[in-house]
$ cat entry.tsv   # TSV, C-alpha atoms
chain	number	residue	atom	x	y	z
A	26	MET	CA	3.14	53.24	-16.95
A	27	GLY	CA	5.46	55.55	-18.86
A	28	SER	CA	5.83	55.23	-22.62
A	29	ARG	CA	9.49	54.18	-22.27
A	30	LEU	CA	8.62	51.47	-19.76
A	31	GLU	CA	5.78	50.40	-22.00
A	32	SER	CA	8.14	50.10	-24.96
A	33	ALA	CA	10.67	48.21	-22.88
A	34	PHE	CA	7.97	45.83	-21.72
A	35	LEU	CA	6.81	45.20	-25.28
A	36	LEU	CA	10.41	44.68	-26.40
A	37	ILE	CA	11.03	42.11	-23.66
A	38	THR	CA	7.79	40.36	-24.58
A	39	ALA	CA	8.82	40.33	-28.23
A	40	CYS	CA	12.19	38.82	-27.27
A	41	VAL	CA	10.51	36.15	-25.14
A	42	PHE	CA	8.09	35.42	-27.98
A	43	ILE	CA	10.92	35.10	-30.51
A	44	ALA	CA	12.84	32.80	-28.12
A	45	PHE	CA	9.67	30.75	-27.69
A	46	LEU	CA	9.16	30.49	-31.49
A	47	TRP	CA	12.79	29.55	-31.91
A	48	GLY	CA	12.43	26.86	-29.25
A	49	MET	CA	9.29	25.56	-30.90
A	50	ARG	CA	10.99	25.48	-34.30
A	51	ARG	CA	13.82	23.42	-32.85
A	52	GLY	CA	11.39	21.10	-31.10
A	53	ALA	CA	12.56	22.14	-27.64
A	54	VAL	CA	9.16	23.56	-26.70
A	55	ARG	CA	6.31	21.15	-27.24
A	56	GLY	CA	2.79	20.27	-26.19
A	57	GLY	CA	1.67	21.90	-22.96
A	58	ALA	CA	4.75	24.11	-22.91
A	59	VAL	CA	3.57	25.83	-26.13
A	60	ALA	CA	0.28	26.75	-24.48
A	61	LEU	CA	2.07	27.88	-21.34
A	62	TRP	CA	4.41	30.21	-23.20
A	63	ILE	CA	1.60	31.63	-25.30
A	64	VAL	CA	-0.22	32.44	-22.07
A	65	ILE	CA	2.94	33.97	-20.56
A	66	CYS	CA	3.57	36.13	-23.64
A	67	SER	CA	-0.09	37.19	-23.76
A	68	ALA	CA	-0.02	38.10	-20.09
A	69	MET	CA	3.13	40.16	-20.60
A	70	VAL	CA	1.71	41.97	-23.61
A	71	SER	CA	-1.51	42.65	-21.77
A	72	VAL	CA	0.28	44.60	-19.02
A	73	PRO	CA	1.08	47.73	-21.08
A	74	LEU	CA	-1.92	47.32	-23.40
A	75	LEU	CA	-4.57	46.82	-20.74
A	76	GLU	CA	-3.10	49.05	-18.07
A	77	SER	CA	-6.40	50.69	-17.21
A	78	ARG	CA	-8.08	47.30	-16.74
A	79	TYR	CA	-5.35	46.21	-14.39
A	80	LEU	CA	-5.71	49.41	-12.40
A	81	ALA	CA	-9.45	48.81	-12.12
A	82	LEU	CA	-8.86	45.20	-11.07
A	83	ALA	CA	-6.35	46.29	-8.42
A	84	GLN	CA	-8.82	48.86	-7.14
A	85	PHE	CA	-11.54	46.23	-7.08
A	86	MET	CA	-9.26	43.92	-5.07
A	87	GLY	CA	-8.43	46.69	-2.65
A	88	ILE	CA	-4.79	46.89	-3.67
A	89	SER	CA	-3.45	50.45	-3.75
A	90	TYR	CA	-0.74	49.88	-6.33
A	91	ALA	CA	-1.39	47.81	-9.44
A	92	ARG	CA	2.31	46.95	-9.48
A	93	ASP	CA	1.87	45.04	-6.20
A	94	MET	CA	-0.95	43.07	-7.72
A	95	LEU	CA	1.19	42.14	-10.72
A	96	ASN	CA	4.02	41.10	-8.41
A	97	MET	CA	1.61	39.00	-6.41
A	98	PHE	CA	0.32	37.30	-9.56
A	99	ALA	CA	3.86	36.68	-10.75
A	100	ILE	CA	4.91	35.12	-7.43
A	101	LEU	CA	1.74	33.03	-7.33
A	102	PHE	CA	2.40	31.81	-10.85
A	103	LEU	CA	6.00	30.96	-9.97
A	104	LEU	CA	4.94	29.05	-6.86
A	105	ILE	CA	2.38	27.02	-8.75
A	106	TYR	CA	4.80	26.37	-11.58
A	107	VAL	CA	7.63	25.30	-9.25
A	108	PHE	CA	5.21	22.96	-7.47
A	109	TYR	CA	4.17	21.51	-10.81
A	110	LEU	CA	7.80	21.09	-11.87
A	111	THR	CA	8.68	19.42	-8.56
A	112	SER	CA	5.93	16.87	-8.93
A	113	LYS	CA	6.88	16.24	-12.56
A	114	LEU	CA	10.52	15.83	-11.55
A	115	GLN	CA	9.54	13.31	-8.89
A	116	GLN	CA	7.45	11.40	-11.42
A	117	ALA	CA	10.36	11.41	-13.86
A	118	SER	CA	12.73	10.24	-11.13
A	119	ASP	CA	10.39	7.37	-10.21
A	120	THR	CA	10.04	6.43	-13.85
A	121	VAL	CA	13.81	6.48	-14.34
A	122	GLU	CA	14.24	4.20	-11.31
A	123	ILE	CA	11.66	1.73	-12.63
A	124	LEU	CA	13.18	1.81	-16.09
A	125	LEU	CA	16.64	1.36	-14.60
A	126	ALA	CA	15.47	-1.83	-12.91
A	127	ARG	CA	13.59	-3.09	-15.95
A	128	VAL	CA	16.43	-2.37	-18.37
A	129	ALA	CA	18.94	-4.08	-16.06
A	130	ILE	CA	16.72	-7.16	-15.79
A	131	ALA	CA	15.98	-7.21	-19.52
A	132	GLU	CA	19.66	-6.90	-20.28
A	133	HIS	CA	20.42	-9.74	-17.89
A	134	ARG	CA	17.75	-11.93	-19.48
A	135	LEU	CA	19.00	-11.17	-22.97
A	136	GLY	CA	22.51	-12.03	-21.88
A	137	ALA	CA	21.30	-15.33	-20.42
A	138	LEU	CA	19.34	-16.03	-23.60
A	139	ALA	CA	22.36	-15.32	-25.78
A	140	PHE	CA	24.51	-17.49	-23.53
A	141	ASN	CA	22.04	-20.39	-23.70
A	142	SER	CA	21.76	-19.99	-27.42
A	143	ALA	CA	25.54	-20.06	-27.78
A	144	GLU	CA	25.74	-23.12	-25.54
A	145	ASN	CA	23.13	-24.88	-27.67
A	146	CYS	CA	25.14	-24.07	-30.74
A	147	ILE	CA	28.29	-25.47	-29.20
A	148	SER	CA	26.61	-28.64	-27.99
A	149	ARG	CA	25.00	-29.12	-31.36
A	150	SER	CA	28.19	-28.51	-33.22
A	151	ASN	CA	29.97	-31.00	-30.98
A	152	GLY	CA	27.42	-33.67	-31.70
A	153	SER	CA	26.25	-33.33	-35.23
A	154	LEU	CA	27.74	-30.46	-37.00
A	155	PHE	CA	27.06	-31.56	-40.53
A	156	GLU	CA	24.47	-34.26	-40.23
A	157	SER	CA	21.33	-32.24	-39.65
A	158	ASP	CA	19.66	-29.17	-40.85
A	159	VAL	CA	18.66	-28.18	-37.33
A	160	SER	CA	18.53	-24.48	-37.63
A	161	GLY	CA	20.41	-22.56	-35.03
A	162	PRO	CA	21.25	-18.96	-35.54
A	163	CYS	CA	24.96	-19.63	-35.55
A	164	LEU	CA	25.16	-23.22	-36.77
A	165	SER	CA	23.98	-22.65	-40.26
A	166	GLY	CA	25.44	-19.20	-40.52
A	167	GLU	CA	22.13	-17.68	-41.42
A	168	ARG	CA	18.94	-17.40	-39.48
A	169	LYS	CA	15.76	-19.20	-40.38
A	170	TRP	CA	12.85	-17.06	-39.36
B	20	MET	CA	19.04	-17.69	21.51
B	21	THR	CA	19.28	-21.06	19.82
B	22	GLN	CA	16.89	-21.92	17.12
B	23	ASP	CA	15.86	-25.35	16.02
B	24	PHE	CA	16.48	-25.78	12.32
B	25	SER	CA	15.89	-29.52	12.19
B	26	SER	CA	12.82	-29.03	10.03
B	27	PHE	CA	14.33	-26.24	7.96
B	28	ASP	CA	15.00	-28.40	4.91
B	29	SER	CA	11.48	-29.70	4.83
B	30	VAL	CA	10.08	-26.20	5.31
B	31	ILE	CA	11.99	-24.75	2.37
B	32	ALA	CA	11.36	-27.78	0.18
B	33	GLY	CA	9.72	-26.73	-3.05
B	34	LYS	CA	10.24	-23.06	-2.36
B	35	ARG	CA	12.27	-20.92	-4.68
B	36	ILE	CA	14.60	-18.72	-2.69
B	37	LEU	CA	16.67	-15.86	-4.02
B	38	ALA	CA	19.57	-14.29	-2.19
B	39	PHE	CA	20.38	-10.98	-3.81
B	40	VAL	CA	23.64	-9.25	-3.12
B	41	LEU	CA	23.73	-5.47	-3.39
B	42	ALA	CA	27.08	-4.33	-4.63
B	43	TYR	CA	28.69	-1.05	-5.47
B	44	ASN	CA	32.47	-1.07	-5.77
B	45	GLU	CA	32.88	-4.17	-3.63
B	46	GLU	CA	35.61	-5.92	-5.62
B	47	LYS	CA	37.51	-6.82	-2.46
B	48	THR	CA	34.64	-8.61	-0.78
B	49	ILE	CA	32.22	-9.75	-3.44
B	50	ARG	CA	33.84	-13.15	-4.05
B	51	ASP	CA	33.88	-14.01	-0.35
B	52	VAL	CA	30.29	-12.88	0.06
B	53	ILE	CA	29.18	-15.10	-2.82
B	54	GLU	CA	31.19	-18.03	-1.51
B	55	ASN	CA	29.73	-17.60	1.98
B	56	ILE	CA	26.20	-17.60	0.64
B	57	ARG	CA	26.94	-20.66	-1.48
B	58	GLN	CA	28.21	-22.55	1.52
B	59	SER	CA	25.59	-21.38	4.00
B	60	ALA	CA	22.58	-21.37	1.71
B	61	PRO	CA	23.06	-23.86	-1.12
B	62	TYR	CA	19.29	-23.98	-1.51
B	63	ALA	CA	19.18	-20.33	-2.64
B	64	ASP	CA	19.77	-18.86	-6.06
B	65	ILE	CA	22.21	-15.98	-5.93
B	66	VAL	CA	22.10	-12.85	-8.00
B	67	VAL	CA	24.31	-9.80	-7.69
B	68	ILE	CA	22.74	-6.41	-8.28
B	69	ASP	CA	25.55	-4.17	-9.37
B	70	ASP	CA	24.72	-0.49	-9.02
B	71	CYS	CA	27.06	0.50	-11.86
B	72	SER	CA	30.33	-0.18	-10.05
B	73	THR	CA	33.43	1.50	-11.39
B	74	ASP	CA	35.74	-1.27	-10.23
B	75	ARG	CA	35.84	-4.99	-11.06
B	76	THR	CA	32.88	-6.00	-8.88
B	77	LYS	CA	30.84	-7.17	-11.84
B	78	GLN	CA	33.73	-9.09	-13.36
B	79	PHE	CA	34.55	-10.87	-10.10
B	80	ALA	CA	30.92	-11.77	-9.51
B	81	GLN	CA	30.62	-13.18	-13.00
B	82	GLU	CA	33.83	-15.10	-12.56
B	83	ALA	CA	32.34	-16.58	-9.41
B	84	GLY	CA	29.60	-17.97	-11.64
B	85	VAL	CA	26.81	-15.79	-10.38
B	86	PRO	CA	24.37	-13.89	-12.59
B	87	VAL	CA	24.85	-10.16	-12.37
B	88	ILE	CA	22.18	-7.59	-13.00
B	89	SER	CA	23.87	-4.32	-13.74
B	90	HIS	CA	22.41	-0.87	-13.58
B	91	LEU	CA	23.27	1.36	-16.50
B	92	ILE	CA	23.82	4.29	-14.16
B	93	ASN	CA	24.58	4.56	-10.48
B	94	SER	CA	21.39	5.33	-8.63
B	95	ASN	CA	23.21	7.19	-5.83
B	96	ASN	CA	20.60	6.42	-3.19
B	97	ALA	CA	22.30	4.00	-0.83
B	98	GLY	CA	21.54	1.08	-3.10
B	99	PHE	CA	17.82	1.44	-2.70
B	100	SER	CA	17.23	1.29	-6.44
B	101	ALA	CA	19.18	-1.93	-6.43
B	102	VAL	CA	16.77	-3.32	-3.82
B	103	LYS	CA	13.87	-2.41	-6.10
B	104	THR	CA	15.60	-4.06	-9.05
B	105	ALA	CA	16.14	-7.20	-7.00
B	106	ILE	CA	12.54	-7.32	-5.81
B	107	THR	CA	11.27	-6.74	-9.35
B	108	TYR	CA	13.53	-9.56	-10.54
B	109	ALA	CA	12.31	-11.88	-7.78
B	110	HIS	CA	8.72	-11.07	-8.73
B	111	LEU	CA	9.26	-11.60	-12.45
B	112	GLU	CA	11.10	-14.87	-11.86
B	113	GLY	CA	8.44	-16.11	-9.46
B	114	TYR	CA	10.55	-16.52	-6.33
B	115	ASP	CA	8.73	-17.38	-3.11
B	116	ILE	CA	11.29	-15.80	-0.81
B	117	CYS	CA	14.00	-13.28	-1.42
B	118	CYS	CA	16.63	-12.13	0.99
B	119	GLN	CA	18.96	-9.21	0.89
B	120	VAL	CA	22.65	-9.46	1.62
B	121	ASP	CA	25.05	-6.54	1.39
B	122	GLY	CA	28.10	-6.94	-0.78
B	123	ASP	CA	30.46	-5.35	1.72
B	124	GLY	CA	30.70	-8.51	3.84
B	125	GLN	CA	28.87	-7.10	6.87
B	126	HIS	CA	26.16	-9.72	6.72
B	127	ASP	CA	27.04	-13.20	7.85
B	128	ALA	CA	25.44	-15.64	5.42
B	129	SER	CA	25.26	-18.32	8.10
B	130	PHE	CA	22.34	-16.32	9.52
B	131	LEU	CA	20.40	-16.56	6.28
B	132	ARG	CA	18.44	-19.53	7.55
B	133	HIS	CA	17.48	-17.49	10.62
B	134	ILE	CA	15.76	-14.90	8.49
B	135	ILE	CA	14.45	-17.31	5.88
B	136	ALA	CA	12.90	-19.87	8.25
B	137	PRO	CA	10.08	-17.64	9.59
B	138	VAL	CA	9.04	-16.69	6.06
B	139	ALA	CA	9.33	-20.25	4.81
B	140	ASP	CA	7.15	-21.71	7.57
B	141	ASP	CA	4.65	-18.87	7.19
B	142	ARG	CA	5.21	-17.18	10.53
B	143	ALA	CA	6.12	-13.87	8.93
B	144	ASP	CA	6.13	-12.05	5.60
B	145	TYR	CA	9.00	-9.70	6.34
B	146	VAL	CA	11.90	-10.70	8.55
B	147	ILE	CA	14.54	-8.27	9.71
B	148	GLY	CA	17.94	-9.48	10.82
B	149	SER	CA	18.51	-7.29	13.85
B	150	ARG	CA	21.82	-6.18	15.37
B	151	PHE	CA	20.15	-4.83	18.46
B	152	LEU	CA	17.79	-7.59	19.51
B	153	LYS	CA	20.67	-9.35	21.13
B	154	VAL	CA	23.72	-7.17	20.98
B	155	GLN	CA	26.66	-9.17	19.72
B	156	GLY	CA	29.35	-8.40	17.20
B	157	TYR	CA	29.52	-5.11	15.33
B	158	THR	CA	26.58	-2.75	15.64
B	159	SER	CA	27.50	0.62	14.20
B	160	THR	CA	29.04	3.96	15.05
B	161	LEU	CA	27.50	5.85	17.98
B	162	PRO	CA	25.77	8.58	15.92
B	163	ARG	CA	24.25	5.96	13.69
B	164	VAL	CA	23.15	3.84	16.63
B	165	ILE	CA	21.41	6.92	18.07
B	166	ALA	CA	19.73	7.64	14.73
B	167	ILE	CA	18.70	4.00	14.29
B	168	THR	CA	17.30	3.87	17.83
B	169	PHE	CA	15.28	7.01	17.23
B	170	PHE	CA	13.87	5.87	13.92
B	171	SER	CA	13.20	2.41	15.26
B	172	TRP	CA	11.18	4.03	18.02
B	173	VAL	CA	9.25	6.22	15.54
B	174	THR	CA	8.58	3.30	13.22
B	175	SER	CA	7.55	1.06	16.13
B	176	LEU	CA	5.11	3.73	17.24
B	177	ILE	CA	3.56	3.90	13.79
B	178	ILE	CA	3.27	0.18	13.16
B	179	ARG	CA	2.46	-0.57	16.83
B	180	GLN	CA	5.04	-3.27	17.01
B	181	ARG	CA	8.45	-3.00	18.61
B	182	VAL	CA	11.19	-3.07	16.02
B	183	TYR	CA	14.80	-2.49	17.06
B	184	ASP	CA	16.75	-2.31	13.84
B	185	VAL	CA	14.78	-0.59	11.13
B	186	THR	CA	17.78	0.21	8.98
B	187	SER	CA	19.05	-3.34	8.77
B	188	GLY	CA	19.71	-4.40	5.20
B	189	PHE	CA	19.76	-8.06	6.15
B	190	LYS	CA	16.20	-9.12	5.57
B	191	ALA	CA	13.97	-11.70	3.99
B	192	MET	CA	10.69	-11.11	2.23
B	193	GLY	CA	7.91	-13.46	1.34
B	194	LYS	CA	5.87	-13.61	-1.84
B	195	LYS	CA	3.25	-11.20	-0.56
B	196	ILE	CA	5.81	-8.49	0.17
B	197	ILE	CA	7.65	-9.17	-3.07
B	198	GLY	CA	4.39	-8.68	-4.96
B	199	ILE	CA	3.54	-5.41	-3.22
B	200	PHE	CA	6.97	-3.86	-3.59
B	201	ALA	CA	7.38	-5.05	-7.17
B	202	LEU	CA	4.05	-3.64	-8.24
B	203	TYR	CA	4.46	-0.34	-6.40
B	204	PRO	CA	8.19	0.38	-6.53
B	205	HIS	CA	7.58	4.13	-6.60
B	206	LEU	CA	6.15	3.91	-3.07
B	207	ILE	CA	9.35	2.76	-1.41
B	208	HIS	CA	12.37	4.96	-0.84
B	209	ASP	CA	13.65	3.85	2.52
B	210	THR	CA	13.81	0.83	4.82
B	211	ASN	CA	11.54	2.54	7.36
B	212	GLU	CA	9.03	3.10	4.61
B	213	MET	CA	9.27	-0.54	3.56
B	214	ILE	CA	8.46	-1.70	7.08
B	215	ILE	CA	5.56	0.74	7.48
B	216	LEU	CA	4.16	-0.13	4.05
B	217	ALA	CA	4.46	-3.83	4.76
B	218	LYS	CA	2.56	-3.42	7.99
B	219	MET	CA	-0.07	-1.18	6.38
B	220	ASN	CA	-0.69	-3.91	3.85
B	221	GLY	CA	-1.34	-6.47	6.53
B	222	SER	CA	2.00	-8.23	6.45
B	223	ARG	CA	3.54	-9.87	9.49
B	224	ILE	CA	6.87	-8.43	10.50
B	225	LEU	CA	9.35	-10.31	12.59
B	226	GLU	CA	12.77	-9.43	13.87
B	227	VAL	CA	15.39	-12.06	14.55
B	228	PRO	CA	18.79	-11.55	16.15
B	229	VAL	CA	21.80	-11.74	13.89
B	230	ILE	CA	25.46	-10.92	14.25
B	231	MET	CA	26.97	-8.51	11.80
B	232	LYS	CA	30.57	-7.83	10.97
B	233	ARG	CA	32.47	-4.65	10.44
B	234	ARG	CA	32.69	-3.48	6.83
B	235	ARG	CA	35.86	-5.02	5.45
B	236	SER	CA	36.57	-2.64	2.64
B	237	GLY	CA	35.10	0.11	0.54
B	238	ARG	CA	33.31	3.17	1.79
B	239	SER	CA	29.89	3.52	3.27
B	240	TRP	CA	27.41	5.43	1.15
B	241	TYR	CA	26.82	7.70	4.11
B	242	SER	CA	29.28	10.52	3.79
B	243	VAL	CA	29.23	13.30	6.42
B	244	SER	CA	26.81	15.45	4.41
B	245	LYS	CA	24.57	12.49	3.65
B	246	ALA	CA	24.67	11.38	7.28
B	247	ILE	CA	23.46	14.82	8.32
B	248	LEU	CA	20.71	14.83	5.73
B	249	TYR	CA	19.70	11.23	6.37
B	250	PRO	CA	17.58	11.84	9.52
B	251	ILE	CA	15.75	14.70	7.83
B	252	LYS	CA	15.11	12.66	4.72
B	253	THR	CA	13.94	9.67	6.76
B	254	LEU	CA	11.56	11.80	8.79
B	255	LEU	CA	10.14	13.29	5.60
B	256	VAL	CA	9.70	9.81	4.14
B	257	ILE	CA	7.85	8.68	7.27
B	258	ILE	CA	5.59	11.74	7.13
B	259	GLU	CA	5.02	11.11	3.43
B	260	VAL	CA	3.95	7.52	3.93
B	261	LEU	CA	1.58	8.57	6.71
B	262	VAL	CA	0.00	11.37	4.69
B	263	ARG	CA	-0.16	9.51	1.38
B	264	ARG	CA	-3.63	8.30	0.55
B	265	ASN	CA	-2.68	5.39	-1.66
B	266	ASN	CA	-0.23	3.04	0.03
B	267	ALA	CA	-0.67	0.09	-2.36
$ encode --input "entry.tsv" --output "structure tokens"
Amino acid sequence: MGSRLESAFLLITACVFIAFLWGMRRGAVRGGAVALWIVICSAMVSVPLLESRYLALAQFMGISYARDMLNMFAILFLLIYVFYLTSKLQQASDTVEILLARVAIAEHRLGALAFNSAENCISRSNGSLFESDVSGPCLSGERKW
Amino acid sequence: MTQDFSSFDSVIAGKRILAFVLAYNEEKTIRDVIENIRQSAPYADIVVIDDCSTDRTKQFAQEAGVPVISHLINSNNAGFSAVKTAITYAHLEGYDICCQVDGDGQHDASFLRHIIAPVADDRADYVIGSRFLKVQGYTSTLPRVIAITFFSWVTSLIIRQRVYDVTSGFKAMGKKIIGIFALYPHLIHDTNEMIILAKMNGSRILEVPVIMKRRRSGRSWYSVSKAILYPIKTLLVIIEVLVRRNNA
């Protein structure tokens, strides 16, 4: 790898690392994503720094050009990551669907509860507005907990 | 085919029945649908599942005196999320039987007893109101009939029971099915999948002939692009349910 390419590679890595730190600072990158980006940055830095090791590894694997090996690793990583994202997306979609149902039902139940409560208030106020201290949330004007 | 419903009242006695209406922008039909159910099935509680309509569907349903469960966002999956919401609701409220009616007026509520009776007298757990068992009234457009026939054949092959109308939305489910689908909502994405899952879990499936009407207003969820993708999606869903290890 030429010195210019090496410098360019390190510069790109530095940019990615700064973007990652910025994301982490803003809370956009959290948990497992922090580890993932540290690994990605380390892997990128290792390319120019450990060039000879990569060459040896490529030779050991029977790959003539180390660049092909790196491409292969990159594609493999992308495939695995896209698969992981797909499954996570599906999980999120399922969760959203379940939550959608639950929220709709909860909202409906709350509405029914509020309606019943209001009806109780009305019926109570019709019958004995001032004679009792039966505590309804809207009869007495203040709640008794 | 004439059915004897003389004992129907005694069969449903003590059973809590829910008729859920799936609605998305059905303001022109929703009141009639509710009224029809009220007249044909006074024994059933009605609930409208509104998939975040942008028109006055919810308002009209509420004005008709029916509880409405509204989604916060439109699920954009042919009302299937609404089915899950309805089943979850039926499970939480402890209904013995729930039946699905579309809000577009295609389903004739007078046939509700046809699909409820087999579940109520414990002959079946999942009853499909079929357009093709005895062809009468409106069926569907030719491309859809071809698709339905194909998928009915595939599903029949898998469950080893002849089913003619797998895509029918007019169906009744017993407590067993309600429990399974409510507890594992993430497993169901399609009517074919529901039938296969029901069968895999040892439920009895029955098909009864019903007459359906033409959609009176509104637009079908199946646009041209969705209609093209539908067979592919359905096939994938069938493959998925066959490959999946845990089917409830």
$ residues_near_point --input "entry.tsv" --point "(12.6, 1.2, 14.9)" --cutoff "7 Å" --atoms "all atoms listed in the file" --output "list in words"
Ile167, Thr168, Phe169, Phe170, Ser171, Trp172, Val173, Thr174, Ser175, Arg181, Val182, Tyr183, Asp184 and Val185 of chain B
$ residues_around --input "entry.tsv" --residues "Asn55 (chain B)" --least-positions-apart "2" --cutoff "12 Å" --atoms "all atoms listed in the file" --output "list in words"
Ala38, Val40, Thr48, Ile49, Arg50, Asp51, Val52, Ile53, Arg57, Gln58, Ser59, Ala60, Pro61, Ala63, Ile65, Ala83, Val120, Gly122, Gly124, Gln125, His126, Asp127, Ala128, Ser129, Phe130 and Leu131 of chain B
$ interface_residues --input "entry.tsv" --of "chain A" --to "chain B" --cutoff "7 Å" --atoms "all atoms listed in the file" --output "list in words"
Asp119, Glu122, Leu125, Ala126, Ala129, Ile130 and His133 of chain A
$ residues_around --input "entry.tsv" --residues "region 66-78 of chain A" --least-positions-apart "2" --cutoff "8 Å" --atoms "only C-alpha atoms" --output "PyMOL selection string"
chain A and resi 26+31+34-35+38+41-42+62-64+80-82
$ write_last_selection --input "entry.tsv" --atoms "C-alpha atoms" --output "compact mmCIF listing (two decimals), keeping the file's coordinate frame"
# COMPACT_ATOMS: atom_id res chain seq x y z
CA MET A 26 3.14 53.24 -16.95
CA GLU A 31 5.78 50.40 -22.00
CA PHE A 34 7.97 45.83 -21.72
CA LEU A 35 6.81 45.20 -25.28
CA THR A 38 7.79 40.36 -24.58
CA VAL A 41 10.51 36.15 -25.14
CA PHE A 42 8.09 35.42 -27.98
CA TRP A 62 4.41 30.21 -23.20
CA ILE A 63 1.60 31.63 -25.30
CA VAL A 64 -0.22 32.44 -22.07
CA LEU A 80 -5.71 49.41 -12.40
CA ALA A 81 -9.45 48.81 -12.12
CA LEU A 82 -8.86 45.20 -11.07
$ atom_distance --input "entry.tsv" --atom1 "CA of Tyr145 (chain B)" --atom2 "CA of Ser222 (chain B)"
7.2 Å
$ residues_around --input "entry.tsv" --residues "region 92-104 of chain A" --least-positions-apart "4" --cutoff "7 Å" --atoms "all atoms listed in the file" --output "VMD selection string"
chain A and resid 83 88 108
$ residues_around --input "entry.tsv" --residues "Ile116 (chain B)" --least-positions-apart "6" --cutoff "10 Å" --atoms "all atoms listed in the file" --output "number ranges by chain"
B: 31, 34-38, 63, 106, 109-110, 135, 138-139, 144-145, 191-197
$ closest_residue --input "entry.tsv" --among "B:Ser26, B:Thr160, B:Gln81, B:Ser72" --to "Gly98 (chain B)" --atoms "only C-alpha atoms"
B:Ser72
$ closest_residue --input "entry.tsv" --among "B:Phe200, B:Cys71, B:Ile257, B:Pro250" --to "Pro162 (chain B)" --atoms "only C-alpha atoms"
B:Pro250
